[in-house]
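The structure appears right after this line, and notes come after that.
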There are 2 protein chains.
Amino acid sequence: MLKLEPNIKKNLRATGRRMTRTRQAVLSLLQKTRQPVSATEIFERLHQEKVAIDLVTVYRTVHVLKELGLVLQLDLHQEGLSRYELKEGRKHHHHIRCQICGQIEDLLLCPLKKVTKLIEQQTQFIVDDHTLEFTGLCPQCQ
Amino acid sequence: MLKLEPNIKKNLRATGRRMTRTRQAVLSLLQKTRQPVSATEIFERLHQEKVAIDLVTVYRTVHVLKELGLVLQLDLHQEGLSRYELKEGRKHHHHIRCQICGQIEDLLLCPLKKVTKLIEQQTQFIVDDHTLEFTGLCPQCQ
DNA sequence: TGGTATTTGCAATGGACTTGCAATAAGAAG
DNA sequence: CTTCTTATTGCAAGTCCATTGCAAATACCA
Ligand SMILES: [Mn+2]
Ligand SMILES: [Mn+2]
Ligand SMILES: [Zn+2]
Ligand SMILES: [Zn+2]
């Protein structure tokens, strides 16, 4: 079912955690989902699939999966909520969101390597991370 | 006192709005402030200056100033609140924030012109805007 | 110096997310 | 398979940032 599952179970156990029905359900949903999903969306979709899970548990689950490095948390501009996506082998990338319909698409690029060095020189900061996001109109909404 | 004030008053009046004591106070504070400030910070600093203003009014004021295009709203990654800065003649730029002390510094550059075109070709989106932010350690916190 | 529409303060409300705690269930050991 | 310990869950309540309703205050035009 989940190729991921054995590895993930190991990760969980290595930190004194357990693989539970609800964690499997959340992981399974994240695997099916192509777009980053919010806690509420996870909650609603699982209920559609007749999986009983509390919203609090969804929050706690994504938090754990983030700690394990299995899930990435996105805070897109002006959405006022967090979204989550499976990391599973995907490389560093960014996103573009449609202002009308909310569709989010991956941008499989990062143009910031050189700029980061420049910024470190200019500011004397040590740069640790960056967030980059584009917004606009998707083909359907233009 | 405020060079801005006459122009701003015109802007306000042009949209049926009024220049009030509290709006002047918020504008004046934003002028003094070099770093982007949150609504709560505006509230607290004005109270330190013995300016009576309700937090709700701060929210409503920055909202109006944003509508007039006088103020820019920033939602920095994982801060969980919005910050505001005067637009007044400043050009498009980005920010870097120290993960330890929270200091925010302007980055007077934007490396995304070319990438934007590339993204429009690749995704068929019409790109309208972008957000870019760096995080790291400032010189003092390293 | 009014008259009226805008703005303000206060209190209540909304939405995302977190925390406390008792009940439940994972999974190791026997 | 049964038992035992401890992590996890659900429910309720709480936190934090921000918004909304409404009556009182005030900007500003005539
Ligand atoms: Mn993605
Ligand atoms: Mn700035
Ligand atoms: Zn990047
Ligand atoms: Zn830019």
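Labels for the structure tokens follow display order: chains A, B, ..., residues from 1 in each chain, ligands from 1.
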DSSP on the backbone, alpha helix (DSSP H) only: what residues of chain A does that give? Format it as a PyMOL selection string. chain A and resi 5-14+21-32+39-48+55-67+113-123
For C:DT24, list every protein, DNA or RNA residue within 10 Å, evaluated using only C-alpha atoms (C1' of nucleotides), and leave out those in the same chain fewer than 5 positions away; present the list as a VMD selection string. chain D and resid 8 to 10
Please identify all residues of chain A having at least one atom at most 10 Å from any atom of chain D, considering only C-alpha atoms (C1' of nucleotides), and return them as a PyMOL selection string. chain A and resi 16-20+22+53-57+60
At a cut-off of 9 Å, list the chain C residues touching chain A, using only C-alpha atoms (C1' of nucleotides), as JSON, numbers by chain. {"C": [16, 17, 18, 25, 26, 27]}
Expected file contents, prior selection, N, CA, C and O atoms (P, O5', C5', C4', C3', O3' and C1' of nucleotides), as a PDB file, in the first residue's frame:
ATOM      1  P    DA C  16      -9.629  28.822   9.524  1.00  0.00           P
ATOM      2  O5'  DA C  16      -8.217  28.696  10.244  1.00  0.00           O
ATOM      3  C5'  DA C  16      -7.196  29.625   9.902  1.00  0.00           C
ATOM      4  C4'  DA C  16      -6.079  29.504  10.903  1.00  0.00           C
ATOM      5  C3'  DA C  16      -5.503  28.096  11.032  1.00  0.00           C
ATOM      6  O3'  DA C  16      -4.086  28.191  11.004  1.00  0.00           O
ATOM      7  C1'  DA C  16      -6.170  28.901  13.161  1.00  0.00           C
ATOM      8  P    DC C  17      -3.200  26.865  10.873  1.00  0.00           P
ATOM      9  O5'  DC C  17      -2.820  26.545  12.380  1.00  0.00           O
ATOM     10  C5'  DC C  17      -2.248  27.596  13.180  1.00  0.00           C
ATOM     11  C4'  DC C  17      -2.359  27.254  14.644  1.00  0.00           C
ATOM     12  C3'  DC C  17      -1.875  25.857  15.050  1.00  0.00           C
ATOM     13  O3'  DC C  17      -0.628  26.000  15.718  1.00  0.00           O
ATOM     14  C1'  DC C  17      -3.781  26.589  16.283  1.00  0.00           C
ATOM     15  P    DT C  18       0.042  24.758  16.483  1.00  0.00           P
ATOM     16  O5'  DT C  18      -0.433  24.932  18.009  1.00  0.00           O
ATOM     17  C5'  DT C  18      -0.329  26.209  18.616  1.00  0.00           C
ATOM     18  C4'  DT C  18      -0.664  26.081  20.095  1.00  0.00           C
ATOM     19  C3'  DT C  18      -0.007  24.911  20.814  1.00  0.00           C
ATOM     20  O3'  DT C  18       0.488  25.418  22.045  1.00  0.00           O
ATOM     21  C1'  DT C  18      -2.356  24.821  21.112  1.00  0.00           C
ATOM     22  P    DA C  25      -9.595   2.198  21.275  1.00  0.00           P
ATOM     23  O5'  DA C  25      -8.041   2.020  20.959  1.00  0.00           O
ATOM     24  C5'  DA C  25      -7.351   3.077  20.283  1.00  0.00           C
ATOM     25  C4'  DA C  25      -5.873   2.759  20.253  1.00  0.00           C
ATOM     26  C3'  DA C  25      -5.525   1.341  19.826  1.00  0.00           C
ATOM     27  O3'  DA C  25      -4.279   1.380  19.178  1.00  0.00           O
ATOM     28  C1'  DA C  25      -4.665   1.700  21.933  1.00  0.00           C
ATOM     29  P    DA C  26      -3.967   0.467  17.895  1.00  0.00           P
ATOM     30  O5'  DA C  26      -2.379   0.545  17.809  1.00  0.00           O
ATOM     31  C5'  DA C  26      -1.756   1.831  17.775  1.00  0.00           C
ATOM     32  C4'  DA C  26      -0.358   1.725  18.380  1.00  0.00           C
ATOM     33  C3'  DA C  26       0.458   0.537  17.881  1.00  0.00           C
ATOM     34  O3'  DA C  26       1.786   0.979  17.687  1.00  0.00           O
ATOM     35  C1'  DA C  26       0.219   0.429  20.248  1.00  0.00           C
ATOM     36  P    DG C  27       2.804   0.215  16.734  1.00  0.00           P
ATOM     37  O5'  DG C  27       3.620  -0.702  17.746  1.00  0.00           O
ATOM     38  C5'  DG C  27       4.348  -0.109  18.823  1.00  0.00           C
ATOM     39  C4'  DG C  27       4.755  -1.180  19.789  1.00  0.00           C
ATOM     40  C3'  DG C  27       5.079  -2.549  19.150  1.00  0.00           C
ATOM     41  O3'  DG C  27       6.095  -3.187  19.891  1.00  0.00           O
ATOM     42  C1'  DG C  27       3.491  -2.836  20.780  1.00  0.00           C
TER      43       DG C  27
END
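Near chain B, within 6 Å and using only C-alpha atoms, the residues of chain A are A:Gln124, A:Phe125, A:Ile126, A:Val127, A:Asp128, A:Asp129, A:His130, A:Thr131, A:Leu132, A:Glu133, A:Phe134, A:Thr135, A:Gly136, A:Leu137, A:Cys138, A:Pro139.
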